[in-house]
$ cat target_28.cif   # mmCIF, C-alpha atoms and all ligand atoms
data_data
#
loop_
_atom_site.group_PDB
_atom_site.id
_atom_site.type_symbol
_atom_site.label_atom_id
_atom_site.label_comp_id
_atom_site.auth_asym_id
_atom_site.auth_seq_id
_atom_site.Cartn_x
_atom_site.Cartn_y
_atom_site.Cartn_z
ATOM 1 C CA MET A 72 -28.668 -84.892 25.799
ATOM 2 C CA GLN A 73 -27.656 -83.388 29.117
ATOM 3 C CA SER A 74 -30.482 -83.012 31.594
ATOM 4 C CA GLY A 75 -30.894 -80.086 33.939
ATOM 5 C CA MET A 76 -30.999 -80.306 37.701
ATOM 6 C CA ASN A 77 -34.713 -80.913 38.128
ATOM 7 C CA ILE A 78 -35.748 -82.792 41.266
ATOM 8 C CA LEU A 79 -39.284 -83.223 39.918
ATOM 9 C CA THR A 80 -38.254 -85.382 36.974
ATOM 10 C CA SER A 81 -36.435 -88.218 38.682
ATOM 11 C CA SER A 82 -34.610 -90.743 36.524
ATOM 12 C CA GLY A 83 -33.815 -93.457 39.046
ATOM 13 C CA PRO A 84 -35.358 -95.367 41.962
ATOM 14 C CA VAL A 85 -33.601 -93.416 44.745
ATOM 15 C CA ALA A 86 -34.607 -90.012 43.396
ATOM 16 C CA ALA A 87 -38.097 -91.313 42.564
ATOM 17 C CA ALA A 88 -38.705 -92.435 46.169
ATOM 18 C CA GLN A 89 -37.432 -89.092 47.447
ATOM 19 C CA ALA A 90 -39.572 -87.196 44.942
ATOM 20 C CA ARG A 91 -42.681 -89.126 46.059
ATOM 21 C CA LEU A 92 -41.992 -88.080 49.661
ATOM 22 C CA GLY A 93 -41.443 -84.499 48.491
ATOM 23 C CA TRP A 94 -44.801 -84.465 46.690
ATOM 24 C CA TRP A 95 -46.538 -85.915 49.772
ATOM 25 C CA LEU A 96 -45.023 -83.225 52.025
ATOM 26 C CA MET A 97 -45.988 -80.478 49.595
ATOM 27 C CA ILE A 98 -49.581 -81.672 49.048
ATOM 28 C CA VAL A 99 -50.212 -82.207 52.771
ATOM 29 C CA SER A 100 -48.699 -78.808 53.627
ATOM 30 C CA VAL A 101 -50.814 -77.023 51.025
ATOM 31 C CA LEU A 102 -54.000 -78.778 52.205
ATOM 32 C CA VAL A 103 -53.280 -77.938 55.858
ATOM 33 C CA ILE A 104 -52.600 -74.294 55.009
ATOM 34 C CA LEU A 105 -55.815 -74.119 52.952
ATOM 35 C CA VAL A 106 -58.008 -75.700 55.662
ATOM 36 C CA VAL A 107 -56.504 -73.644 58.495
ATOM 37 C CA GLY A 108 -56.690 -70.474 56.372
ATOM 38 C CA ILE A 109 -60.377 -71.055 55.596
ATOM 39 C CA LEU A 110 -61.165 -71.779 59.262
ATOM 40 C CA VAL A 111 -59.364 -68.609 60.360
ATOM 41 C CA LEU A 112 -61.411 -66.566 57.874
ATOM 42 C CA VAL A 113 -64.656 -68.254 58.938
ATOM 43 C CA GLY A 114 -63.813 -67.619 62.583
ATOM 44 C CA ALA A 115 -62.920 -64.009 61.897
ATOM 45 C CA PHE A 116 -66.193 -63.212 60.134
ATOM 46 C CA ARG A 117 -68.591 -65.087 62.414
ATOM 47 C CA SER A 118 -70.328 -62.741 64.841
ATOM 48 C CA ASP A 119 -70.608 -64.663 68.064
ATOM 49 C CA ASP A 120 -69.418 -61.626 69.994
ATOM 50 C CA GLY A 121 -67.402 -63.882 72.236
ATOM 51 C CA ASP A 122 -70.549 -65.612 73.523
ATOM 52 C CA ARG A 123 -69.364 -69.054 74.638
ATOM 53 C CA ARG A 124 -72.829 -70.570 74.788
ATOM 54 C CA ALA A 125 -73.515 -69.512 71.185
ATOM 55 C CA ILE A 126 -70.269 -71.179 70.073
ATOM 56 C CA ASP A 127 -71.099 -74.377 71.986
ATOM 57 C CA ARG A 128 -74.641 -74.472 70.537
ATOM 58 C CA ARG A 129 -73.165 -74.501 67.047
ATOM 59 C CA GLY A 130 -70.990 -77.467 67.915
ATOM 60 C CA GLY A 131 -67.765 -75.489 68.431
ATOM 61 C CA GLY A 132 -65.635 -75.216 71.515
ATOM 62 C CA ILE A 133 -63.679 -78.074 72.974
ATOM 63 C CA LYS A 134 -64.548 -80.593 70.210
ATOM 64 C CA TRP A 135 -62.847 -78.435 67.595
ATOM 65 C CA ILE A 136 -59.748 -78.188 69.719
ATOM 66 C CA VAL A 137 -59.531 -81.940 70.382
ATOM 67 C CA VAL A 138 -60.276 -83.031 66.824
ATOM 68 C CA GLY A 139 -58.720 -80.190 64.827
ATOM 69 C CA GLY A 140 -55.900 -79.364 67.220
ATOM 70 C CA ILE A 141 -54.805 -82.818 68.411
ATOM 71 C CA ILE A 142 -56.272 -85.826 66.580
ATOM 72 C CA VAL A 143 -56.014 -84.639 62.953
ATOM 73 C CA PRO A 144 -52.489 -83.151 63.320
ATOM 74 C CA ALA A 145 -51.365 -86.326 65.126
ATOM 75 C CA ILE A 146 -52.652 -88.503 62.272
ATOM 76 C CA ILE A 147 -50.978 -86.284 59.650
ATOM 77 C CA LEU A 148 -47.672 -86.243 61.559
ATOM 78 C CA VAL A 149 -47.665 -90.020 62.144
ATOM 79 C CA LEU A 150 -48.392 -90.642 58.441
ATOM 80 C CA THR A 151 -45.637 -88.212 57.411
ATOM 81 C CA LEU A 152 -43.169 -89.757 59.858
ATOM 82 C CA SER A 153 -43.987 -93.282 58.625
ATOM 83 C CA PHE A 154 -43.607 -92.238 54.990
ATOM 84 C CA THR A 155 -40.298 -90.479 55.770
ATOM 85 C CA VAL A 156 -38.851 -93.436 57.687
ATOM 86 C CA ALA A 157 -40.001 -95.886 54.985
ATOM 87 C CA THR A 158 -38.339 -93.733 52.306
ATOM 88 C CA GLU A 159 -35.129 -93.493 54.310
ATOM 89 C CA VAL A 160 -35.022 -97.250 54.865
ATOM 90 C CA ALA A 161 -35.693 -97.922 51.185
ATOM 91 C CA THR A 162 -33.006 -95.539 49.925
ATOM 92 C CA ALA A 163 -30.328 -95.557 52.643
ATOM 93 C CA ALA A 164 -28.603 -98.868 52.059
ATOM 94 C CA PRO A 165 -27.357 -99.880 48.630
ATOM 95 C CA PRO A 166 -28.564 -103.255 47.356
ATOM 96 C CA ALA A 167 -26.430 -106.101 48.674
ATOM 97 C CA ASP A 168 -24.795 -106.653 45.311
ATOM 98 C CA PRO A 169 -24.198 -103.325 43.578
ATOM 99 C CA SER A 170 -22.895 -103.704 40.053
ATOM 100 C CA VAL A 171 -20.285 -100.988 40.515
ATOM 101 C CA THR A 172 -18.645 -99.415 43.552
ATOM 102 C CA ILE A 173 -17.246 -95.928 43.122
ATOM 103 C CA GLU A 174 -15.271 -93.795 45.483
ATOM 104 C CA VAL A 175 -15.923 -90.078 45.188
ATOM 105 C CA ILE A 176 -13.588 -87.721 47.037
ATOM 106 C CA GLY A 177 -14.470 -84.052 47.465
ATOM 107 C CA HIS A 178 -11.647 -81.554 46.937
ATOM 108 C CA ARG A 179 -11.706 -77.781 46.827
ATOM 109 C CA TRP A 180 -13.083 -77.546 44.140
ATOM 110 C CA TRP A 181 -13.461 -80.725 42.152
ATOM 111 C CA TRP A 182 -14.473 -84.334 42.544
ATOM 112 C CA GLU A 183 -11.991 -87.189 42.363
ATOM 113 C CA VAL A 184 -13.609 -90.413 41.161
ATOM 114 C CA LYS A 185 -12.068 -93.857 41.683
ATOM 115 C CA TYR A 186 -13.217 -97.206 40.364
ATOM 116 C CA ALA A 187 -11.632 -99.674 42.752
ATOM 117 C CA GLY A 188 -10.427 -102.909 41.234
ATOM 118 C CA ALA A 189 -11.494 -101.849 37.774
ATOM 119 C CA PRO A 190 -9.853 -103.851 34.970
ATOM 120 C CA ALA A 191 -6.292 -104.470 36.125
ATOM 121 C CA HIS A 192 -6.132 -101.627 38.659
ATOM 122 C CA THR A 193 -7.890 -98.602 40.039
ATOM 123 C CA VAL A 194 -9.220 -96.188 37.444
ATOM 124 C CA VAL A 195 -9.076 -92.558 38.550
ATOM 125 C CA THR A 196 -10.874 -89.697 36.871
ATOM 126 C CA ALA A 197 -12.416 -86.364 37.819
ATOM 127 C CA ASN A 198 -15.837 -84.730 37.836
ATOM 128 C CA GLU A 199 -17.289 -87.258 35.417
ATOM 129 C CA ILE A 200 -18.828 -90.439 36.749
ATOM 130 C CA HIS A 201 -19.659 -93.113 34.211
ATOM 131 C CA ILE A 202 -22.158 -95.756 35.287
ATOM 132 C CA PRO A 203 -24.023 -98.579 33.558
ATOM 133 C CA VAL A 204 -27.711 -97.797 33.036
ATOM 134 C CA GLY A 205 -30.294 -99.789 35.010
ATOM 135 C CA ALA A 206 -27.874 -101.064 37.653
ATOM 136 C CA PRO A 207 -27.392 -99.983 41.267
ATOM 137 C CA VAL A 208 -24.140 -98.128 41.911
ATOM 138 C CA ARG A 209 -22.631 -97.859 45.367
ATOM 139 C CA VAL A 210 -20.969 -94.482 46.002
ATOM 140 C CA GLN A 211 -18.509 -94.092 48.881
ATOM 141 C CA LEU A 212 -17.955 -90.482 49.791
ATOM 142 C CA SER A 213 -15.037 -88.875 51.575
ATOM 143 C CA SER A 214 -13.358 -85.482 51.634
ATOM 144 C CA ALA A 215 -9.766 -84.378 51.239
ATOM 145 C CA ASP A 216 -10.318 -81.048 52.959
ATOM 146 C CA VAL A 217 -13.595 -79.476 54.080
ATOM 147 C CA ILE A 218 -17.251 -80.528 54.145
ATOM 148 C CA HIS A 219 -18.808 -80.828 50.695
ATOM 149 C CA SER A 220 -22.116 -82.389 49.725
ATOM 150 C CA PHE A 221 -22.711 -84.633 46.739
ATOM 151 C CA TRP A 222 -25.949 -84.181 44.821
ATOM 152 C CA ILE A 223 -27.181 -85.542 41.506
ATOM 153 C CA PRO A 224 -30.791 -84.307 41.707
ATOM 154 C CA GLN A 225 -32.316 -86.630 39.125
ATOM 155 C CA LEU A 226 -30.624 -89.722 40.531
ATOM 156 C CA ALA A 227 -30.327 -89.249 44.296
ATOM 157 C CA GLY A 228 -30.680 -86.667 47.030
ATOM 158 C CA LYS A 229 -27.854 -84.934 48.845
ATOM 159 C CA THR A 230 -25.283 -86.744 50.966
ATOM 160 C CA ASP A 231 -22.709 -84.817 52.950
ATOM 161 C CA VAL A 232 -19.044 -85.439 52.199
ATOM 162 C CA ILE A 233 -17.205 -85.117 55.485
ATOM 163 C CA PRO A 234 -13.454 -85.166 56.252
ATOM 164 C CA GLY A 235 -12.483 -88.189 58.335
ATOM 165 C CA GLN A 236 -15.734 -90.006 57.618
ATOM 166 C CA ARG A 237 -16.934 -92.291 54.856
ATOM 167 C CA ASN A 238 -20.578 -91.820 53.937
ATOM 168 C CA VAL A 239 -22.198 -94.305 51.606
ATOM 169 C CA MET A 240 -25.081 -93.701 49.256
ATOM 170 C CA TRP A 241 -26.307 -95.339 46.088
ATOM 171 C CA LEU A 242 -27.896 -94.304 42.877
ATOM 172 C CA GLN A 243 -29.228 -95.831 39.722
ATOM 173 C CA ALA A 244 -30.122 -94.328 36.368
ATOM 174 C CA ASN A 245 -33.090 -95.820 34.548
ATOM 175 C CA LYS A 246 -32.309 -94.048 31.272
ATOM 176 C CA ALA A 247 -29.069 -93.440 29.458
ATOM 177 C CA GLY A 248 -28.036 -89.804 29.551
ATOM 178 C CA ILE A 249 -25.891 -87.198 31.223
ATOM 179 C CA TYR A 250 -27.061 -86.049 34.628
ATOM 180 C CA ARG A 251 -25.630 -82.887 36.077
ATOM 181 C CA GLY A 252 -24.931 -82.591 39.784
ATOM 182 C CA ALA A 253 -23.338 -80.109 42.136
ATOM 183 C CA CYS A 254 -21.630 -79.597 45.428
ATOM 184 C CA THR A 255 -24.394 -78.450 47.710
ATOM 185 C CA GLU A 256 -22.557 -77.518 50.898
ATOM 186 C CA TYR A 257 -20.730 -74.196 50.866
ATOM 187 C CA CYS A 258 -17.039 -75.065 50.733
ATOM 188 C CA GLY A 259 -15.303 -71.807 49.885
ATOM 189 C CA LEU A 260 -14.757 -69.372 47.059
ATOM 190 C CA GLN A 261 -15.432 -71.729 44.134
ATOM 191 C CA HIS A 262 -18.234 -73.762 45.693
ATOM 192 C CA ALA A 263 -20.457 -72.833 42.743
ATOM 193 C CA ASN A 264 -17.851 -74.203 40.293
ATOM 194 C CA MET A 265 -17.881 -77.739 41.639
ATOM 195 C CA ALA A 266 -20.129 -79.619 39.266
ATOM 196 C CA ALA A 267 -20.257 -83.368 38.779
ATOM 197 C CA PHE A 268 -21.629 -85.224 35.767
ATOM 198 C CA VAL A 269 -23.027 -88.727 35.802
ATOM 199 C CA VAL A 270 -22.857 -90.362 32.403
ATOM 200 C CA ALA A 271 -25.241 -93.320 32.310
ATOM 201 C CA GLU A 272 -24.576 -95.598 29.357
ATOM 202 C CA THR A 273 -25.309 -99.148 28.239
ATOM 203 C CA PRO A 274 -23.411 -101.827 30.213
ATOM 204 C CA ALA A 275 -21.345 -102.613 27.105
ATOM 205 C CA ALA A 276 -20.417 -98.952 26.553
ATOM 206 C CA PHE A 277 -19.594 -98.621 30.258
ATOM 207 C CA ARG A 278 -17.284 -101.651 30.193
ATOM 208 C CA GLN A 279 -15.614 -100.276 27.098
ATOM 209 C CA TRP A 280 -15.126 -96.907 28.790
ATOM 210 C CA LEU A 281 -13.678 -98.537 31.916
ATOM 211 C CA GLN A 282 -11.318 -100.627 29.808
ATOM 212 C CA THR A 283 -10.060 -97.542 27.975
ATOM 213 C CA GLN A 284 -9.642 -95.597 31.213
ATOM 214 C CA ALA A 285 -7.612 -98.459 32.672
ATOM 215 C CA ASP A 286 -5.012 -98.105 29.933
ATOM 216 C CA SER A 287 -1.898 -96.108 30.668
ATOM 217 C CA ALA A 288 -1.226 -93.011 28.617
ATOM 218 C CA ALA A 289 0.560 -93.757 25.361
ATOM 219 C CA THR A 290 3.904 -92.085 24.774
ATOM 220 C CA PRO A 291 3.266 -89.299 22.248
ATOM 221 C CA THR A 292 4.608 -89.631 18.706
ATOM 222 C CA ASP A 293 3.289 -86.406 17.151
ATOM 223 C CA PRO A 294 6.216 -83.902 17.149
ATOM 224 C CA ASP A 295 4.186 -81.120 18.831
ATOM 225 C CA ALA A 296 3.004 -83.513 21.522
ATOM 226 C CA VAL A 297 6.565 -84.756 22.100
ATOM 227 C CA VAL A 298 7.659 -81.164 22.721
ATOM 228 C CA GLY A 299 4.578 -80.751 24.948
ATOM 229 C CA LEU A 300 5.551 -83.718 27.091
ATOM 230 C CA GLY A 301 8.931 -82.027 27.614
ATOM 231 C CA VAL A 302 7.178 -78.808 28.654
ATOM 232 C CA PHE A 303 4.965 -80.816 31.023
ATOM 233 C CA GLN A 304 8.033 -82.361 32.664
ATOM 234 C CA ARG A 305 10.058 -79.108 32.775
ATOM 235 C CA SER A 306 7.176 -77.161 34.284
ATOM 236 C CA ALA A 307 6.806 -79.681 37.105
ATOM 237 C CA CYS A 308 3.139 -80.288 36.251
ATOM 238 C CA GLY A 309 3.727 -83.813 37.507
ATOM 239 C CA ALA A 310 4.254 -82.541 41.051
ATOM 240 C CA CYS A 311 0.502 -82.004 41.274
ATOM 241 C CA HIS A 312 -0.954 -84.214 38.524
ATOM 242 C CA ALA A 313 -0.544 -87.886 37.763
ATOM 243 C CA ILE A 314 -0.404 -89.417 34.287
ATOM 244 C CA ARG A 315 -0.168 -93.188 34.412
ATOM 245 C CA GLY A 316 2.532 -94.419 32.093
ATOM 246 C CA SER A 317 4.651 -91.297 32.665
ATOM 247 C CA GLU A 318 6.788 -90.000 35.504
ATOM 248 C CA ALA A 319 3.992 -87.704 36.706
ATOM 249 C CA LEU A 320 2.779 -88.957 40.066
ATOM 250 C CA GLY A 321 1.273 -85.908 41.786
ATOM 251 C CA HIS A 322 -1.931 -86.140 43.762
ATOM 252 C CA VAL A 323 -2.833 -82.524 44.460
ATOM 253 C CA GLY A 324 -4.883 -81.974 41.315
ATOM 254 C CA PRO A 325 -6.959 -84.250 39.093
ATOM 255 C CA GLU A 326 -5.335 -87.237 37.406
ATOM 256 C CA LEU A 327 -4.788 -86.435 33.731
ATOM 257 C CA THR A 328 -4.232 -89.895 32.226
ATOM 258 C CA HIS A 329 -7.419 -89.586 30.147
ATOM 259 C CA LEU A 330 -8.002 -85.840 30.420
ATOM 260 C CA ALA A 331 -8.970 -85.482 26.755
ATOM 261 C CA SER A 332 -11.847 -87.961 27.166
ATOM 262 C CA ARG A 333 -13.686 -85.684 29.607
ATOM 263 C CA MET A 334 -16.482 -83.309 28.605
ATOM 264 C CA THR A 335 -15.402 -80.465 30.868
ATOM 265 C CA ILE A 336 -12.385 -79.155 32.749
ATOM 266 C CA ALA A 337 -12.205 -77.307 36.063
ATOM 267 C CA ALA A 338 -15.210 -79.233 37.475
ATOM 268 C CA GLY A 339 -17.658 -78.097 34.830
ATOM 269 C CA ALA A 340 -16.444 -74.491 34.718
ATOM 270 C CA LEU A 341 -15.282 -74.865 31.110
ATOM 271 C CA GLU A 342 -15.993 -77.114 28.157
ATOM 272 C CA ASN A 343 -13.002 -79.291 27.408
ATOM 273 C CA THR A 344 -11.818 -77.589 24.228
ATOM 274 C CA ARG A 345 -8.292 -76.850 23.073
ATOM 275 C CA GLY A 346 -8.736 -73.101 23.588
ATOM 276 C CA ASN A 347 -10.250 -73.460 27.053
ATOM 277 C CA LEU A 348 -7.500 -75.844 28.091
ATOM 278 C CA ALA A 349 -4.840 -73.356 26.962
ATOM 279 C CA GLY A 350 -6.628 -70.506 28.756
ATOM 280 C CA TRP A 351 -6.951 -72.574 31.903
ATOM 281 C CA ILE A 352 -3.248 -73.498 31.992
ATOM 282 C CA ALA A 353 -2.146 -69.943 31.180
ATOM 283 C CA ASN A 354 -4.194 -68.335 33.917
ATOM 284 C CA SER A 355 -6.575 -70.572 35.801
ATOM 285 C CA GLN A 356 -6.757 -67.986 38.573
ATOM 286 C CA ALA A 357 -8.666 -65.665 36.252
ATOM 287 C CA ILE A 358 -11.230 -68.399 35.589
ATOM 288 C CA LYS A 359 -11.560 -69.952 39.029
ATOM 289 C CA PRO A 360 -9.875 -67.632 41.572
ATOM 290 C CA GLY A 361 -8.447 -69.354 44.619
ATOM 291 C CA ASN A 362 -7.961 -72.792 43.053
ATOM 292 C CA ASP A 363 -4.711 -74.651 43.709
ATOM 293 C CA MET A 364 -3.400 -74.398 40.138
ATOM 294 C CA PRO A 365 -0.637 -71.781 39.877
ATOM 295 C CA VAL A 366 -0.440 -69.352 36.965
ATOM 296 C CA MET A 367 1.929 -70.935 34.429
ATOM 297 C CA ALA A 368 4.189 -68.387 32.764
ATOM 298 C CA LEU A 369 4.763 -70.371 29.560
ATOM 299 C CA ARG A 370 5.919 -69.088 26.209
ATOM 300 C CA PRO A 371 3.042 -69.264 23.694
ATOM 301 C CA ALA A 372 4.776 -71.976 21.645
ATOM 302 C CA ASP A 373 5.344 -74.055 24.783
ATOM 303 C CA LEU A 374 1.716 -73.580 25.822
ATOM 304 C CA GLN A 375 0.523 -74.761 22.385
ATOM 305 C CA ALA A 376 2.806 -77.796 22.558
ATOM 306 C CA LEU A 377 1.661 -78.616 26.085
ATOM 307 C CA VAL A 378 -1.974 -78.473 25.000
ATOM 308 C CA ALA A 379 -1.134 -80.663 21.978
ATOM 309 C CA TYR A 380 0.312 -83.242 24.388
ATOM 310 C CA LEU A 381 -2.659 -83.077 26.773
ATOM 311 C CA GLU A 382 -5.015 -83.530 23.802
ATOM 312 C CA THR A 383 -3.394 -86.906 23.136
ATOM 313 C CA LEU A 384 -4.536 -88.147 26.572
ATOM 314 C CA LYS A 385 -7.737 -89.679 25.236
HETATM 315 CU CU1 LIG B 401 -17.616 -78.412 47.554
HETATM 316 CU CU2 LIG B 401 -19.262 -76.782 47.934
#

$ encode --input "target_28.cif" --output "structure tokens"
Amino acid sequence: MQSGMNILTSSGPVAAAQARLGWWLMIVSVLVILVVGILVLVGAFRSDDGDRRAIDRRGGGIKWIVVGGIIVPAIILVLTLSFTVATEVATAAPPADPSVTIEVIGHRWWWEVKYAGAPAHTVVTANEIHIPVGAPVRVQLSSADVIHSFWIPQLAGKTDVIPGQRNVMWLQANKAGIYRGACTEYCGLQHANMAAFVVAETPAAFRQWLQTQADSAATPTDPDAVVGLGVFQRSACGACHAIRGSEALGHVGPELTHLASRMTIAAGALENTRGNLAGWIANSQAIKPGNDMPVMALRPADLQALVAYLETLK
């Protein structure tokens, strides 16, 4: 179901245009290297002994330099430049009426994702970007700290994510599926653990997802989860994380309102399972050294209860 990060199998119009340009550059480069290589070999093995008149008699000399050294390279470069500019123009600006506008904010080391004006109010999630299939999506990029770069190879090329600047790009998925992406600008210790996933689904499934995400977290009723909520509050988790519908309002780490609905935690470093979640809370520094999450010295029973509560955040 989940596709790899293959730039040669594009799944949307932006990536397809960029892949076409990539193929053109590669084919032209290979042809030029072949032709020049053959000419060098021919030149090396011809025995003119440096006799200029012999070279001129065979039609060499200045003509070769003008045609092969100036005219042909100029034509190739002008064609390549035109193709590059045309591709940039075609892919730079999102269509006037994108179906969805998403704000993606780079953090060390995770992606915050906001759906402005989604049903009722802004939906906030992390590292998992749901989009409707077959529709253009406008992506506004900004950074909370250092320079990152947002890249979903099968949907669109790289766009830098720069503090103090809003870069805009767009993407579209032609097929439903899960497309893996990555941060592609070195941003510190856990740069490699900064994955993003685009989940392209039918418009109806997308609307349903957005509706669910817009809901506040329900107050837990399961006894374990009730204890877990108490642990969450006592441990001051809410100083860094927000859960809509609770008193947790922190904005340092990812919003957790619908944590349990996500496929991964820690920006793709771990599958979102009960065991991984417990391991992450107990000692995230062992899994992703340098991240902002402190080691939580919880009693095992409290840890289990806390995980039980977080698992209710569907
Ligand atoms: Cu963020 Cu590399």

$ resolve_selection --input "target_28.cif" --expression "the PyMOL selection byres (((not hetatm)) within 9 of (chain B and resi 401))" --output "list in words"
Gly177, His178, Arg179, Trp180, Trp181, Trp182, Val217, Ile218, His219, Ser220, Phe221, Val232, Ala253, Cys254, Thr255, Glu256, Tyr257, Cys258, Gly259, Leu260, Gln261, His262, Ala263, Asn264, Met265 and Ala266 of chain A

$ atom_distance --input "target_28.cif" --atom1 "atom CA of A:Thr328" --atom2 "atom CA of A:Gly309"
11.3 Å

$ closest_residue --input "target_28.cif" --among "A:Ile202, A:Gln375, A:Val106, A:Ser287" --to "A:Val143" --atoms "only C-alpha atoms"
A:Val106

$ axis_aligned_box --input "target_28.cif" --around "stretch 77-83 of chain A" --padding-each-side "5 Å" --output "JSON"
{"center_x": -36.5, "center_y": -87.2, "center_z": 38.9, "size_x": 15.5, "size_y": 22.5, "size_z": 14.7}

$ atom_distance --input "target_28.cif" --atom1 "atom CA of A:Gly316" --atom2 "atom CA of A:Leu348"
21.5 Å

$ residues_around --input "target_28.cif" --residues "A:Ala376" --least-positions-apart "3" --cutoff "8 Å" --atoms "only C-alpha atoms" --output "list in words"
Asp295, Ala296, Val297, Val298, Gly299, Leu300, Val302, Ala372, Asp373, Ala379 and Tyr380 of chain A

$ closest_residue --input "target_28.cif" --among "A:Ser332, A:Pro144, A:Pro190, A:Ala338" --to "A:Ile358" --atoms "all atoms listed in the file"
A:Ala338

$ resolve_selection --input "target_28.cif" --expression "the PyMOL selection byres (((chain A and resi 331) around 10) and not hetatm)" --output "ChimeraX atom specification"
/A:327-330,332-336,343-345,348,380-385

$ resolve_selection --input "target_28.cif" --expression "the PyMOL selection byres (((chain A and resi 235) around 8) and not hetatm)" --output "list in words"
Ser213, Ser214, Ile233, Pro234, Gln236 and Arg237 of chain A

$ atom_distance --input "target_28.cif" --atom1 "atom CA of A:Val175" --atom2 "atom CA of A:Gln211"
6.0 Å

$ residues_around --input "target_28.cif" --residues "A:Arg209" --least-positions-apart "6" --cutoff "9 Å" --atoms "all atoms listed in the file" --output "PDB file with C-alpha atoms, in the coordinates of the input"
ATOM      1  CA  PRO A 165     -27.357 -99.880  48.630  1.00  0.00           C
ATOM      2  CA  PRO A 166     -28.564-103.255  47.356  1.00  0.00           C
ATOM      3  CA  PRO A 169     -24.198-103.325  43.578  1.00  0.00           C
ATOM      4  CA  SER A 170     -22.895-103.704  40.053  1.00  0.00           C
ATOM      5  CA  VAL A 171     -20.285-100.988  40.515  1.00  0.00           C
ATOM      6  CA  THR A 172     -18.645 -99.415  43.552  1.00  0.00           C
ATOM      7  CA  ILE A 173     -17.246 -95.928  43.122  1.00  0.00           C
ATOM      8  CA  GLU A 174     -15.271 -93.795  45.483  1.00  0.00           C
ATOM      9  CA  VAL A 239     -22.198 -94.305  51.606  1.00  0.00           C
ATOM     10  CA  MET A 240     -25.081 -93.701  49.256  1.00  0.00           C
ATOM     11  CA  TRP A 241     -26.307 -95.339  46.088  1.00  0.00           C
ATOM     12  CA  LEU A 242     -27.896 -94.304  42.877  1.00  0.00           C
ATOM     13  CA  GLN A 243     -29.228 -95.831  39.722  1.00  0.00           C
TER      14      GLN A 243
END

$ build_atoms --input "target_28.cif" --residues "stretch 319-323 of chain A" --atoms "all heavy atoms" --output "PDB file, in the frame of the given file"
ATOM      1  N   ALA A 319       4.821 -88.611  35.905  1.00  0.00           N
ATOM      2  CA  ALA A 319       3.992 -87.704  36.706  1.00  0.00           C
ATOM      3  C   ALA A 319       3.186 -88.489  37.726  1.00  0.00           C
ATOM      4  O   ALA A 319       2.391 -89.353  37.369  1.00  0.00           O
ATOM      5  CB  ALA A 319       3.054 -86.918  35.789  1.00  0.00           C
ATOM      6  N   LEU A 320       3.403 -88.172  38.999  1.00  0.00           N
ATOM      7  CA  LEU A 320       2.779 -88.957  40.066  1.00  0.00           C
ATOM      8  C   LEU A 320       2.061 -88.089  41.092  1.00  0.00           C
ATOM      9  O   LEU A 320       1.701 -88.572  42.164  1.00  0.00           O
ATOM     10  CB  LEU A 320       3.852 -89.789  40.795  1.00  0.00           C
ATOM     11  CG  LEU A 320       4.614 -90.817  39.954  1.00  0.00           C
ATOM     12  CD1 LEU A 320       5.817 -91.348  40.727  1.00  0.00           C
ATOM     13  CD2 LEU A 320       3.688 -91.961  39.559  1.00  0.00           C
ATOM     14  N   GLY A 321       1.863 -86.809  40.792  1.00  0.00           N
ATOM     15  CA  GLY A 321       1.273 -85.908  41.786  1.00  0.00           C
ATOM     16  C   GLY A 321      -0.169 -86.238  42.128  1.00  0.00           C
ATOM     17  O   GLY A 321      -0.893 -86.834  41.327  1.00  0.00           O
ATOM     18  N   HIS A 322      -0.565 -85.852  43.341  1.00  0.00           N
ATOM     19  CA  HIS A 322      -1.931 -86.140  43.762  1.00  0.00           C
ATOM     20  C   HIS A 322      -2.657 -84.922  44.317  1.00  0.00           C
ATOM     21  O   HIS A 322      -3.604 -85.061  45.050  1.00  0.00           O
ATOM     22  CB  HIS A 322      -1.938 -87.283  44.779  1.00  0.00           C
ATOM     23  CG  HIS A 322      -1.761 -88.617  44.128  1.00  0.00           C
ATOM     24  ND1 HIS A 322      -2.698 -89.144  43.267  1.00  0.00           N
ATOM     25  CD2 HIS A 322      -0.743 -89.509  44.173  1.00  0.00           C
ATOM     26  CE1 HIS A 322      -2.270 -90.314  42.817  1.00  0.00           C
ATOM     27  NE2 HIS A 322      -1.079 -90.555  43.345  1.00  0.00           N
ATOM     28  N   VAL A 323      -2.170 -83.739  43.976  1.00  0.00           N
ATOM     29  CA  VAL A 323      -2.833 -82.524  44.460  1.00  0.00           C
ATOM     30  C   VAL A 323      -4.036 -82.198  43.568  1.00  0.00           C
ATOM     31  O   VAL A 323      -5.129 -81.913  44.045  1.00  0.00           O
ATOM     32  CB  VAL A 323      -1.845 -81.336  44.475  1.00  0.00           C
ATOM     33  CG1 VAL A 323      -2.554 -80.054  44.899  1.00  0.00           C
ATOM     34  CG2 VAL A 323      -0.678 -81.640  45.413  1.00  0.00           C
TER      35      VAL A 323
END
